[in-house]
Structures are given as C-alpha cells and as structure tokens.
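Peer 1: First the structure, which I've put down as structure tokens, then a few questions once you've had a look.
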Amino acid sequence: MSALIEIENVKKTYYLGKIAVPALRGINLSIEKGELLSIIGPSGSGKTTLMNIIGLIDKSTDGTVRIAGEDIGQMPDQVLTDLRLNKLGFIFQTFNLVPVLNALENVEFPLQLQRSAGKKNAAGKAAQLLEQVGLKDYMLHRPAELSGGQRQRVAIARALITDPDIVLADEPTANLDSVTGKSILELMKEMNRSLGTTFIFSTHNRDVLEYARRIVTLKDGLLAA
Amino acid sequence: MLLKIARRNLLRHKGKSLVVGIILFIGSLVMTIGSATVTAMEKNVTRTFIDSFMGDITIMSKKQKNEGVFMQMMGETTEVMADYAKTADILSGHQDVDSFIPYCYSIPMMLAGNDNPTGYPAICAIYAAELDQYQKMFSNISPVEGKLPLRGERGILLSKYMRDMYYLVNQDLYYPANTPFSAQYFPEGITNARHEDVSLKHNIVLMGYSARNSSGDVSVPVRAVFRWTRLDNFWREVSVMDIASYREMMNYRIGGDIVISRQESRLLEINTDNPEAMFAEKIETAGITAQKVSKPEFSRAAGKDDFDNNAWELIAVKLKDHNQKKRAVTIRELNNIFTEKNIDAKAVTWETFAGAMAGFIKGIRTGLFVFVSLIFIVAIIIIMNTLAMSTLERSAELGMMRAVGARRKFIGFMLLGETFTLSAIFGGLGIICGGLMSAIFSYLKLPVKNEMMQIITGNAWYAPEFTAADALTGIILLILVTVLSVIYPLRISFRISPLDAVERN
Ligand SMILES: Nc1ncnc2c1ncn2[C@@H]1O[C@H](COP(=O)(O)OP(=O)(O)O)[C@@H](O)[C@H]1O
Ligand SMILES: [Mg+2]
C-alpha cells in the first residue's frame with residue numbers, strides 16, 4: 001500500500017525580481033495514514049512553503065506530490081479546490097475564522113460548501129465537534145469574542161468537520177502563549193488518536209516536540225535526517 | 001450561508017455599505033424623478049402638440065415630397081390635395097377619427113408697402129383655415145389686441161412675436177384697425193419709441209408661391225395680434241389667416257390653372273437684401289434662375305368667385321385614441337384606402353409633419369438621458385472603487401475561504417450577494433422615495449415661470465408623473481449599474497488565491 005502523501009524531489013524557487021530564492025531544494029518525504037508528524041525548522045527554513053505545497057494551495061517548481069496515489073501536479077484549480085474541501089483540513093497560524101460567523105457557523109462552514117453531503121446535520125455535527133474541543137459554552141460567540149486559544153480550537157473543529165484524511169497546521173501555536181499552545185497540540189494529538197486523522201504541524205519551537213509522534217527537521221530548504 | 005455571510009458583512013463594514021448605499025440611493029432617486037419628469041413632459045408636450053395644433057395625424061397630397069411640411073423653408077411649397085372632398089368623406093366615415101380640419105400652411109413673402117421703400121422684404125409663416133372651426137378643434141389662439149374675424153370675413157391674425165420682429169427689423173408697427181394706438185404695441189422693453197418714427201400699418205401684403213405654379217398677392221387687414229395659448233414658444237413665428245385670402249394669395253383657382261410658368265419654384269430664396277432684384281427681368285442668385293416675373297397685379301384683375309373652395313393643402317386629424325400603436329394601425333388603414341381608391345392623399349404622424357420640432361422633444365429627452373448617464377458613470381466609478389478596495393482588504397479572509405475549499409464562484413456570488421443586497425435596499429428605497437417625491441411634486445404643482453422650463457415640464461407648473469414604466473426603467477437601470485460596478489471587483493476577487501490566507505513574514 002502506498003503512503004497517503006508522497007513527496008519526491010520537491011523544489012520551490014521564489015523570484016524576487018531576477019534573484020532566485022530557493023525555498024525548498026529537493027524534499028523527499030512520505031507520510032502514512034494516521035500519522036502525527038511535526039516539521040520543525042527555524043524561521044525561513046521553508047516550513048510554510050512545504051505546508052502550502054502539501055496543502056494544495058501552492059505549486060512546486062519541480063518534483064511530484066502524490067496524494068492517495070494521485071499526482072496533483074496537473075490537476076486544474078477546481079479539482080484542487082474540491083480536494084482541499086473534501087480531503088484536507090487547515091489550521092492557520094493566524095486562526096483565520098470568518099469574523100461575521102459565530103463559532104458554530106464557522107465550524108459548519110466547510111460542510112456548507114459541500115454540495116451533497118450531510119448539510120442537514122451540519123449544525124449538529126459542528127456542535128458535537130465544538131463540545132469535543134471544549135467550547136460547549138461558546139458556540140454562539142463570534143471570533144472577536146473568543147481568546148486566541150479558543151479561536152484555534154474552533155479552527156481545529158472546522159478542520160475536522162469534513163472528516164478529512166489530513167489536517168495541516170502551519171505553526172498553529174505561534175500566536176499563542178506556551179500553555180495555551182500546548183493545550184492546542186494536546187487536543188490535536190487526542191483527535192489524531194481518537195479519529196485516526198493524519199495531522200501535520202510545523203513549528204520552530206523545540207518545546208512542543210513531545211506532542212509529535214514523528215519529527216522531520218527542515219533546514220535551508222532541505223530535510224535533515 | 002452565502003447570503004448570511006454577505007448580509008452580516010454589510011453590517012460589519014458599515015462605512016463602505018453606507019457609501020455605496022447612499023450613492024445608489026441618490027442615483028435611483030434622481031433617476032426616478034428625472035424619468036417621471038420626462039414621462040410628464042412627453043405626455044404633456046405630446047398632448048399639447050396634438051391637442052392644440054397638430055392632431056395625431058396629418059394628411060397631405062401624395063405629391064408632397066418633404067413630409068416635414070411644418071419645418072419647411074421659405075420658398076418651399078405645399079402641394080394642394082387633389083381629392084379633398086373624397087378624403088374628407090373617408091375621414092368622416094372612419095371609426096378611429098374623432099375630428100379633422102383642413103388647412104393650408106406655407107411661408108409667403110411680405111411685400112414692403114409704398115410708404116416704406118427701404119424696408120426689408122420679410123416673410124410670414126401662414127396657417128390658413130376656417131378660424132371658427134380651428135378654435136373649436138384646437139382653441140389655441142388668444143388675441144392680445146383685436147378680435148378673431150367672423151366666418152367669411154377677411155383678415156390676418158398676426159402673432160405677437162412676429163409683430164415685434166417686424167417692428168425691430170423694419171420699424172413697421174402693425175396693429176388692428178379700429179383700435180386706438182397704444183404705446184403697449186411696441187415690443188416689451190422698448191419704452192422710448194416715438195410714434196412719429198414708426199410706420200403704423202393695418203394691412204399686410206403677402207405674395208404666395210404655390211406648388212401648382214400659381215402665384216398671387218393679397219392685401220389683408222390685421223384683425224388681431226395674438227399669442228398661441230399653449231406652447232407659444234413653438235408656434236410664435238406662425239400667423240393665422242382666413243382661407244379665402246390664402247387661396248387668393250396662392251391663386252388657387254378652379255381647374256388649378258397655371259398663371260405664370262416658372263422653371264423654379266424656389267424663386268423666393270433670393271437675396272433678401274436687395275428687394276429690387278425680386279422684379280428684375282432675370283434673376284440669378286445662388287444658381288437659381290427664374291424667368292420673367294412681373295409684379296403680380298394679375299390676381300386682382302380676376303373675379304373672386306372662381307377661387308377653388310376645395311383647395312386645401314393639409315388636414316389635421318384628431319383620433320379618438322392617442323395610443324401610438326393604434327395610430328400606426330389607423331395610418332396604415334387610411335393609406336391603404338387612399339391607394340385603393342386612387343385618392344391623392346397620404347397620412348403621416350404629426351411627428352413626421354412637425355419635422356425638427358418633434359426632434360426637439362427627442363432632444364430634451366436625449367439631454368436628460370445624457371445627464372442621467374453621467375450620474376451613473378460617476379456612481380459606477382465610486383461604487384466600483386469602494387467594492388474593489390473592500391475586496392482587497394478582505395483578501396486574507398477570502399483567501400482562507402478558498403483554502404478551505406470555497407470555489408471562485410462562491411466568493412463571486414458572495415460579493416454579488418453583498419452588492420445586490422445593497423442595491424435592492426438603497427436603490428429600491430431611492431426608487432420608492434423618487435416615486436413618492438414625484439407624487440408630492442405633482443400634488444403641489446410648483447409653478448414654473450421660465451418658458452423653456454415649461455417645455456420640459458409641459459405645463460406652467462411642475463408635475464412629474466411616476467408610472468409603472470418609470471419604476472421598471474428604474475429597476476432595470478439599477479440592476480445595470482450594479483452589474484457594471486461589480487464587474488471589476490469581481491475580477492479582483494477571482495484573483496484571490498488560497499495563498500492570500502497565509503501570513504508571510
Ligand atoms: N512569496 C515569496 N517570495 C519570495 N520569497 C519568499 C516568499 N515566500 C517565502 N519566501 C522565502 O522562502 C524562504 C522560506 O520561507 P517560508 O517557507 O515562509 O519559511 P518558514 O515558514 O520556515 O519561515 C524564506 O527565505 C523566505 O524569505
Ligand atoms: Mg512560516
């Protein structure tokens with residue numbers, strides 16, 4: 001059985017005018033279903049770039065990325081969009097919730113984007129997830145009325161509502177104090193265990209490594225062994 | 001969900017919503033009132049044109065080439081209808097016809113009197129009909145001095161405007177005989193004119209040139225000086241004469257004899273600076289050549305009895321229903337009958353007959369349209385910019401939506417939802433307020449003094465008419481504005497990528 005995600009010799013070069021900035025210089029990585037993987041590396045090492053490529057929101061300059069055996073390199077935008085919707089979940093460093101929607105509605109949001117699936121029970125499922133992330137009493141609060149940690153819990157619930165194969169979190173704790181950050185990682189770990197969802201999170205902070213089951217280190221656009 | 005977000009976003013970005021909303025509101029308001037004003041203008045002016053001068057339809061001879069008879073130039077001629085009696089029978093028998101009146105219209109030349117040999121030859125547009133019949137049908141002549149001649153009485157009714165012109169150009173002051181001279185006969189604003197410096201006149205001598213190639217002259221007494229009761233601005237150059245004098249002037253005799261043969265009926269386009277040239281053996285001006293024209297004494301020599309009482313040039317027809325579509329049907333029917341029975345008559349709309357004058361109304365309408373369009377363009381630009389800015393400001397939020405699986409379409413529809421909600425609320429309110437204000441204005445009937453403004457309002461007061469058609473036009477234009485102003489922001493939103501969700505350092 002092939003891995004859930006296979007990354008082969010992925011390179012990414014940015015151009016600042018005529019100056020080439022190599023952000024990723026040949027990454028090889030395969031990730032199995034159900035993993036809880038941490039990508040660690042200092043600022044500027046290429047974590048975000050790699051996460052974006054895995055998350056299908058950016059394209060590599062070279063190399064191949066396969067998800068569930070399918071090469072995503074040639075897929076048109078709409079197919080990628082639907083893959084993001086149905087197979088992936090995102091947790092952002094800056095939380096990125098819809099400001100005008102309350103916690104419950106934010107969690108529901110991806111389900112509402114799906115045309116077929118259980119839209120009817122969206123609210124029920126969202127409520128259940130919010131309960132699981134410990135926000136039972138905050139369902140009707142808007143993001144502005146929630147703390148950073150609470151917002152990130154909403155984001156986790158939102159990432160999980162479509163039952164994705166993979167949840168990607170790029171430095172999810174960077175904007176949180178260390179106690180709250182740890183509780184967020186603890187929650188992700190627990191969700192990974194109970195749901196079997198693959199979690200990938202990046203960090204530049206060695207303190208949080210205890211929450212990962214597998215760690216890869218990124219340095220200057222290359223993975224260290 | 002999409003609309004929920006759109007709606008809440010409007011409330012969240014109140015400043016932006018208000019800017020766009022107020023512009024949509026004002027735009028719709030102005031447009032609605034403008035549209036109601038034009039509706040009233042068209043209705044009133046059209047009604048006034050039809051009711052007070054033109055009728056719905058004009059009948060003329062098939063030989064008449066330039067159908068815009070009313071705006072013809074001096075020297076152009078109006079054909080006599082060969083089959084007036086038969087035409088009148090057909091009109092009397094037609095179910096759509098309410099009433100009709102035969103008349104003649106052309107622009108003869110005024111011959112300078114002996115007492116003023118240096119005077120300039122002038123022209124005088126003449127409308128000739130049975131005047132009692134005219135007043136019964138149109139009731140549009142208001143004498144300032146003197147009285148309308150009775151049936152059978154000879155005479156000319158000089159328009160106040162032309163009387164002033166003749167004074168200003170030639171120091172000829174016409175006024176009705178049997179009325180005492182008054183300083184008020186001078187044009188408005190002329191206060192120090194002295195009685196002795198002007199030549200006072202009671203008679204006008206006119207020389208006509210007809211399409212029948214007949215010609216004659218007539219001396220008619222001034223019976224009255226008048227204003228056109230309605231739309232004097234439009235008709236003020238036209239004076240009115242009894243029909244018998246007109247026929248004599250045109251020398252319309254039984255059998256339609258050709259009295260003087262001419263190569264060119266445009267004789268009168270000669271240089272009016274040189275009245276002597278009128279009577280030269282051979283005239284060559286601007287390439288127009290006329291053969292010998294003697295001073296027309298001939299008509300007076302002939303007996304008056306042999307003038308053709310059936311010589312009419314035009315018929316104004318009022319229809320029972322002023323509806324334009326029905327009118328088109330009636331015109332087609334009449335023309336079919338005329339053709340079938342081989343009658344020398346054709347029916348045209350009053351707009352055709354009025355030529356450029358009808359175009360004037362269209363011009364005002366076009367002017368208002370251009371004005372409204374300018375407002376729209378400004379509105380579109382402001383709305384477009386505001387929406388584009390707000391889309392860019394929200395690119396992180398919109399990028400996040402794209403990242404978690406929203407298609408471009410979703411973002412686009414959200415933007416459309418926001419814009420159309422604003423448009424429906426504020427624009428709709430603008431249309432409703434515009435309608436209400438139109439109703440209030442037309443209830444108040446604010447007086448309009450300026451005569452040019454009166455042409456726009458169609459009355460001596462301002463009473464816009466807000467109709468269902470105006471509401472519909474308003475809604476359609478509102479949608480158009482909304483669509484046009486959302487295109488550019490929409491394109492911006494399409495360029496937002498999921499990467500915009502990710503903060504970079
Ligand atoms: N849009 C961009 N244009 C140019 N250079 C970029 C861009 N994004 C990232 N980089 C560069 O690529 C390298 C990796 O950046 P990034 O993936 O954001 O690293 P990290 O997330 O580990 O801090 C850095 O040197 C950064 O300056
Ligand atoms: Mg980063």
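Ordered as shown in the structure tokens, chains take letters A, B, and onward, while each chain numbers its residues from 1 and ligands are numbered from 1 in the order shown.
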Restrict the distance test to only C-alpha atoms, flag each residue of chain B within 10 Å of chain A, and return the flagged residues as number ranges by chain.
Peer 2: B: 1-2, 4-12, 396-408, 410, 497-505
Peer 1: With DSSP run on the backbone, what are the alpha helix (DSSP H) residues within segment 66-170 of chain A? I'd like them as a PyMOL selection string.
Peer 2: chain A and resi 77-87+103-113+122-132+148-160
Peer 1: I'd like the neighbourhood of Phe181 of chain B as number ranges by chain, where a residue qualifies if any of its atoms comes within 10 Å (using only C-alpha atoms), though same-chain residues fewer than 4 positions away should be ignored.
Peer 2: B: 175-177, 185, 195, 200
Peer 1: At a cut-off of 10 Å and counting only C-alpha atoms and all ligand atoms, what residues surround ligand 1? Please answer as a VMD selection string.
Peer 2: (chain A and resid 12 to 17 19 to 24 39 to 52 170 to 171 202 to 204 218 to 221) or (chain B and resid 499 502 to 505)
Peer 1: When distances are computed from only C-alpha atoms, which of A:His141, A:Leu209, A:Asn102, A:Ala157 shows the smallest separation from Gln128 of chain A?
Peer 2: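 Smallest separation from Gln128 of chain A among the options: A:Ala157.
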Peer 1: Report, in Å to a single decimal, how far apart atom CA of Glu186 of chain A and atom CA of Val154 of chain A are.
Peer 2: 14.6 Å
Peer 1: Fewer than 6 positions away in the same chain doesn't count, so skip those; otherwise give me all residues within 12 Å of Ala328 of chain B, counting only C-alpha atoms, as JSON, numbers by chain.
Peer 2: {"B": [56, 57, 96, 319, 321, 322, 334, 335, 347, 348, 349, 350]}
Peer 1: Those selected residues, please, written with all heavy atoms and delivered as a short mmCIF file (atom, residue, chain, number, x, y, z; two decimals), in the first residue's frame.
Peer 2:
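The resulting file, selection03.cif, is reproduced below:
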```cif
data_model
loop_
_atom_site.label_atom_id
_atom_site.label_comp_id
_atom_site.auth_asym_id
_atom_site.auth_seq_id
_atom_site.Cartn_x
_atom_site.Cartn_y
_atom_site.Cartn_z
N ASP B 56 -53.34 64.10 -34.25
CA ASP B 56 -52.48 62.91 -34.19
C ASP B 56 -51.85 62.62 -35.54
O ASP B 56 -50.75 62.09 -35.63
CB ASP B 56 -53.31 61.69 -33.78
CG ASP B 56 -53.96 61.87 -32.43
OD1 ASP B 56 -55.07 62.45 -32.37
OD2 ASP B 56 -53.36 61.46 -31.44
N ILE B 57 -52.61 62.93 -36.59
CA ILE B 57 -52.20 62.55 -37.94
C ILE B 57 -52.32 63.77 -38.84
O ILE B 57 -53.21 64.60 -38.64
CB ILE B 57 -53.15 61.44 -38.48
CG1 ILE B 57 -52.96 60.15 -37.69
CG2 ILE B 57 -52.94 61.20 -39.96
CD1 ILE B 57 -53.89 59.05 -38.16
N ASP B 96 -61.98 55.45 -36.24
CA ASP B 96 -60.96 55.91 -35.29
C ASP B 96 -60.86 57.44 -35.23
O ASP B 96 -60.24 57.99 -34.32
CB ASP B 96 -59.57 55.37 -35.68
CG ASP B 96 -59.53 53.86 -35.66
OD1 ASP B 96 -60.44 53.26 -35.05
OD2 ASP B 96 -58.59 53.28 -36.24
N LEU B 319 -57.48 61.73 -33.37
CA LEU B 319 -58.03 60.38 -33.22
C LEU B 319 -58.72 60.25 -31.87
O LEU B 319 -58.44 61.00 -30.93
CB LEU B 319 -56.91 59.34 -33.35
CG LEU B 319 -56.17 59.35 -34.68
CD1 LEU B 319 -55.06 58.30 -34.67
CD2 LEU B 319 -57.13 59.07 -35.83
N ASP B 321 -58.36 57.72 -29.93
CA ASP B 321 -57.40 57.10 -29.02
C ASP B 321 -56.00 57.57 -29.44
O ASP B 321 -55.62 57.43 -30.59
CB ASP B 321 -57.52 55.58 -29.13
CG ASP B 321 -56.71 54.88 -28.06
OD1 ASP B 321 -55.73 55.49 -27.56
OD2 ASP B 321 -57.06 53.74 -27.71
N HIS B 322 -55.25 58.18 -28.48
CA HIS B 322 -53.95 58.73 -28.84
C HIS B 322 -52.84 57.69 -28.78
O HIS B 322 -51.68 58.00 -29.00
CB HIS B 322 -53.59 59.89 -27.91
CG HIS B 322 -54.59 61.00 -27.97
ND1 HIS B 322 -54.93 61.63 -29.15
CD2 HIS B 322 -55.34 61.58 -27.02
CE1 HIS B 322 -55.84 62.55 -28.90
NE2 HIS B 322 -56.12 62.54 -27.61
N LEU B 334 -55.76 53.98 -43.41
CA LEU B 334 -56.11 55.13 -44.25
C LEU B 334 -55.31 55.12 -45.54
O LEU B 334 -55.86 55.29 -46.63
CB LEU B 334 -55.86 56.44 -43.49
CG LEU B 334 -56.88 56.78 -42.39
CD1 LEU B 334 -56.42 57.99 -41.59
CD2 LEU B 334 -58.25 57.06 -43.02
N ASN B 335 -54.01 54.87 -45.42
CA ASN B 335 -53.18 54.89 -46.62
C ASN B 335 -53.57 53.78 -47.59
O ASN B 335 -53.51 53.96 -48.80
CB ASN B 335 -51.70 54.80 -46.24
CG ASN B 335 -51.18 56.14 -45.75
OD1 ASN B 335 -51.68 57.19 -46.15
ND2 ASN B 335 -50.20 56.11 -44.86
N ALA B 347 -51.38 59.73 -45.27
CA ALA B 347 -51.43 60.05 -43.85
C ALA B 347 -50.05 59.83 -43.24
O ALA B 347 -49.39 58.84 -43.53
CB ALA B 347 -52.46 59.15 -43.16
N VAL B 348 -49.61 60.81 -42.44
CA VAL B 348 -48.35 60.66 -41.72
C VAL B 348 -48.59 61.04 -40.26
O VAL B 348 -49.59 61.66 -39.92
CB VAL B 348 -47.22 61.54 -42.31
CG1 VAL B 348 -46.96 61.21 -43.76
CG2 VAL B 348 -47.55 63.02 -42.16
N THR B 349 -47.65 60.68 -39.40
CA THR B 349 -47.79 61.05 -37.98
C THR B 349 -47.52 62.54 -37.82
O THR B 349 -46.89 63.17 -38.67
CB THR B 349 -46.75 60.31 -37.13
OG1 THR B 349 -45.45 60.74 -37.54
CG2 THR B 349 -46.87 58.81 -37.29
N TRP B 350 -47.98 63.09 -36.71
CA TRP B 350 -47.72 64.51 -36.50
C TRP B 350 -46.21 64.75 -36.34
O TRP B 350 -45.72 65.80 -36.70
CB TRP B 350 -48.50 65.08 -35.32
CG TRP B 350 -48.04 64.66 -33.94
CD1 TRP B 350 -48.59 63.69 -33.16
CD2 TRP B 350 -46.95 65.19 -33.18
NE1 TRP B 350 -47.92 63.58 -31.98
CE2 TRP B 350 -46.90 64.49 -31.96
CE3 TRP B 350 -46.00 66.19 -33.41
CZ2 TRP B 350 -45.95 64.74 -30.97
CZ3 TRP B 350 -45.05 66.44 -32.42
CH2 TRP B 350 -45.03 65.72 -31.22
#
```
Peer 1: Using only C-alpha atoms, which residues sit within 8 Å of Thr32 of chain B once same-chain residues fewer than 5 positions away are excluded, as number ranges by chain?
Peer 2: B: 430-431, 434-435, 466, 470-471, 474
Peer 1: The selected residues should be written to file as a PDB file, in the first residue's frame (atoms: N, CA and C atoms).
Peer 2:
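File again.pdb, as written:
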```pdb
ATOM      1  N   GLY B 430     -34.493  54.350  -2.997  1.00  0.00           N
ATOM      2  CA  GLY B 430     -34.362  55.538  -3.844  1.00  0.00           C
ATOM      3  C   GLY B 430     -35.504  55.616  -4.844  1.00  0.00           C
ATOM      4  N   ILE B 431     -35.830  54.482  -5.439  1.00  0.00           N
ATOM      5  CA  ILE B 431     -36.907  54.471  -6.428  1.00  0.00           C
ATOM      6  C   ILE B 431     -38.242  54.786  -5.741  1.00  0.00           C
ATOM      7  N   GLY B 434     -38.235  58.382  -4.795  1.00  0.00           N
ATOM      8  CA  GLY B 434     -38.390  59.158  -6.023  1.00  0.00           C
ATOM      9  C   GLY B 434     -39.842  59.172  -6.465  1.00  0.00           C
ATOM     10  N   GLY B 435     -40.474  58.016  -6.388  1.00  0.00           N
ATOM     11  CA  GLY B 435     -41.880  57.921  -6.755  1.00  0.00           C
ATOM     12  C   GLY B 435     -42.741  58.780  -5.838  1.00  0.00           C
ATOM     13  N   PHE B 466     -45.088  59.684 -12.186  1.00  0.00           N
ATOM     14  CA  PHE B 466     -44.382  58.437 -11.926  1.00  0.00           C
ATOM     15  C   PHE B 466     -45.289  57.275 -12.321  1.00  0.00           C
ATOM     16  N   ASP B 470     -41.872  53.884 -15.412  1.00  0.00           N
ATOM     17  CA  ASP B 470     -40.723  54.553 -14.780  1.00  0.00           C
ATOM     18  C   ASP B 470     -40.101  53.658 -13.724  1.00  0.00           C
ATOM     19  N   ALA B 471     -40.946  53.005 -12.933  1.00  0.00           N
ATOM     20  CA  ALA B 471     -40.448  52.107 -11.892  1.00  0.00           C
ATOM     21  C   ALA B 471     -39.640  50.986 -12.525  1.00  0.00           C
ATOM     22  N   GLY B 474     -36.432  52.241 -13.801  1.00  0.00           N
ATOM     23  CA  GLY B 474     -35.566  52.457 -12.649  1.00  0.00           C
ATOM     24  C   GLY B 474     -34.927  51.167 -12.184  1.00  0.00           C
TER      25      GLY B 474
END
```
Peer 1: State, in Å with one decimal place, the distance from atom CA of Lys136 of chain B to atom CA of Ser219 of chain B.
Peer 2: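 Here the two named atoms are 26.6 Å from each other.
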Peer 1: Tell me which protein, DNA and RNA residues are within 10 Å of Leu444 of chain B, counting only C-alpha atoms, leaving out same-chain ones fewer than 4 positions away, and put them as a list in words.
Peer 2: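 My list of contacting residues is Ser438, Ala439, Ile440, Trp461, Tyr462 and Ala463 of chain B.
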Peer 1: Of the candidates A:Met139, A:Lys182, A:Tyr211, A:Leu222, which one gets nearest to Ile27 of chain A if we count only C-alpha atoms?
Peer 2: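 Looking only at the distances to Ile27 of chain A, the closest residue turns out to be A:Leu222.
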Peer 1: Extract, using only C-alpha atoms, all DNA, RNA and protein residues at most 6 Å from segment 139-151 of chain B, discarding same-chain residues fewer than 6 positions from it, and format them as a PyMOL selection string.
Peer 2: chain B and resi 52+176+223-229
Peer 1: Give the strand (DSSP E or B) residues of segment 41-151 of chain B, as DSSP finds them on the backbone, and put them as a compact mmCIF listing (two decimals) with N, CA, C and O atoms, in the first residue's frame.
Peer 2:
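Written output follows (selection.txt):
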```txt
# COMPACT_ATOMS: atom_id res chain seq x y z
N ILE B 57 -52.61 62.93 -36.59
CA ILE B 57 -52.20 62.55 -37.94
C ILE B 57 -52.32 63.77 -38.84
O ILE B 57 -53.21 64.60 -38.64
N THR B 58 -51.44 63.88 -39.81
CA THR B 58 -51.60 64.89 -40.85
C THR B 58 -51.80 64.17 -42.19
O THR B 58 -51.12 63.19 -42.48
N ILE B 59 -52.77 64.68 -42.95
CA ILE B 59 -52.99 64.16 -44.30
C ILE B 59 -52.44 65.22 -45.27
O ILE B 59 -52.64 66.42 -45.06
N MET B 60 -51.75 64.74 -46.29
CA MET B 60 -51.23 65.67 -47.30
C MET B 60 -51.31 65.02 -48.67
O MET B 60 -51.65 63.84 -48.79
N VAL B 97 -61.46 58.11 -36.22
CA VAL B 97 -61.27 59.55 -36.32
C VAL B 97 -62.24 60.28 -35.40
O VAL B 97 -63.44 60.03 -35.41
N ASP B 98 -61.68 61.18 -34.59
CA ASP B 98 -62.52 61.98 -33.71
C ASP B 98 -62.99 63.24 -34.42
O ASP B 98 -64.17 63.54 -34.47
N SER B 99 -62.03 63.98 -34.97
CA SER B 99 -62.38 65.20 -35.69
C SER B 99 -61.23 65.54 -36.63
O SER B 99 -60.13 65.02 -36.47
N PHE B 100 -61.50 66.39 -37.61
CA PHE B 100 -60.42 66.80 -38.50
C PHE B 100 -60.69 68.19 -39.03
O PHE B 100 -61.84 68.65 -39.02
N ILE B 101 -59.62 68.85 -39.48
CA ILE B 101 -59.78 70.19 -40.03
C ILE B 101 -58.83 70.37 -41.20
O ILE B 101 -57.64 70.06 -41.10
N PRO B 102 -59.36 70.82 -42.35
CA PRO B 102 -58.47 71.10 -43.46
C PRO B 102 -57.84 72.48 -43.30
O PRO B 102 -58.47 73.36 -42.71
N TYR B 103 -56.62 72.62 -43.76
CA TYR B 103 -55.99 73.92 -43.67
C TYR B 103 -54.86 74.03 -44.69
O TYR B 103 -54.59 73.09 -45.44
N CYS B 104 -54.26 75.20 -44.73
CA CYS B 104 -53.13 75.41 -45.63
C CYS B 104 -52.00 75.99 -44.81
O CYS B 104 -52.24 76.71 -43.83
N TYR B 105 -50.79 75.66 -45.20
CA TYR B 105 -49.67 76.22 -44.47
C TYR B 105 -48.50 76.45 -45.42
O TYR B 105 -48.09 75.54 -46.14
N SER B 106 -47.98 77.65 -45.45
CA SER B 106 -46.75 77.90 -46.19
C SER B 106 -46.15 79.23 -45.71
O SER B 106 -46.70 79.87 -44.82
N MET B 109 -44.10 85.62 -48.87
CA MET B 109 -43.26 86.79 -48.65
C MET B 109 -44.14 88.01 -48.42
O MET B 109 -45.20 88.15 -49.02
N MET B 110 -43.68 88.87 -47.53
CA MET B 110 -44.40 90.13 -47.32
C MET B 110 -43.86 91.15 -48.29
O MET B 110 -42.64 91.29 -48.42
N ALA B 122 -39.87 90.85 -45.89
CA ALA B 122 -39.93 89.93 -44.76
C ALA B 122 -40.82 88.76 -45.14
O ALA B 122 -41.52 88.79 -46.14
N ILE B 123 -40.76 87.72 -44.33
CA ILE B 123 -41.62 86.57 -44.58
C ILE B 123 -42.60 86.44 -43.44
O ILE B 123 -42.43 87.03 -42.38
N ALA B 125 -44.93 83.22 -41.88
CA ALA B 125 -45.48 81.86 -41.96
C ALA B 125 -46.98 81.95 -41.72
O ALA B 125 -47.42 82.57 -40.76
N ILE B 126 -47.74 81.35 -42.63
CA ILE B 126 -49.19 81.49 -42.57
C ILE B 126 -49.89 80.15 -42.41
O ILE B 126 -49.64 79.21 -43.15
N TYR B 127 -50.73 80.10 -41.41
CA TYR B 127 -51.63 78.98 -41.21
C TYR B 127 -53.01 79.50 -41.57
O TYR B 127 -53.49 80.48 -41.00
N ALA B 128 -53.64 78.85 -42.56
CA ALA B 128 -54.93 79.35 -43.00
C ALA B 128 -55.99 78.27 -42.88
O ALA B 128 -55.78 77.13 -43.29
N ALA B 129 -57.10 78.64 -42.27
CA ALA B 129 -58.18 77.68 -42.10
C ALA B 129 -59.47 78.46 -41.86
O ALA B 129 -59.46 79.69 -41.83
N ILE B 141 -55.82 80.05 -29.90
CA ILE B 141 -55.49 81.42 -30.26
C ILE B 141 -56.02 82.36 -29.18
O ILE B 141 -57.21 82.36 -28.89
N SER B 142 -55.11 83.11 -28.55
CA SER B 142 -55.54 84.09 -27.55
C SER B 142 -55.21 85.49 -28.05
O SER B 142 -54.05 85.90 -28.03
N PRO B 143 -56.21 86.25 -28.50
CA PRO B 143 -55.92 87.59 -29.00
C PRO B 143 -55.37 88.49 -27.89
O PRO B 143 -55.84 88.43 -26.76
N VAL B 144 -54.35 89.27 -28.25
CA VAL B 144 -53.81 90.26 -27.33
C VAL B 144 -54.50 91.59 -27.60
O VAL B 144 -54.85 92.34 -26.71
N GLU B 145 -54.67 91.86 -28.91
CA GLU B 145 -55.44 93.04 -29.32
C GLU B 145 -56.37 92.59 -30.44
O GLU B 145 -56.05 91.69 -31.20
N GLY B 146 -57.50 93.23 -30.55
CA GLY B 146 -58.41 92.93 -31.64
C GLY B 146 -59.19 91.65 -31.41
O GLY B 146 -59.19 91.08 -30.32
```
Peer 1: Counting only C-alpha atoms, figure out which residue out of B:Leu231, B:Met357, B:Glu153, B:Phe441 gets nearest to Met453 of chain B.
Peer 2: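 Smallest distance to Met453 of chain B is found for B:Leu231.
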Peer 1: Measure the distance from atom CA of Gln133 of chain B to atom CA of Ile156 of chain B in Å and round it to one decimal.
Peer 2: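 Computed distance, atom CA of Gln133 of chain B to atom CA of Ile156 of chain B, equals 15.6 Å.
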Peer 1: Could you check the closest approach to ligand 2 for each of A:Thr197, A:Ser2, A:Thr173, A:Asn121 and tell me which residue wins, using only C-alpha atoms and all ligand atoms?
Peer 2: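 Among the listed residues, the smallest separation from ligand 2 belongs to A:Thr173.
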Peer 1: Which one is closest to ligand 2: A:Val107, A:Leu185, A:Asp207, A:Asn175? Count only C-alpha atoms and all ligand atoms.
Peer 2: A:Asn175
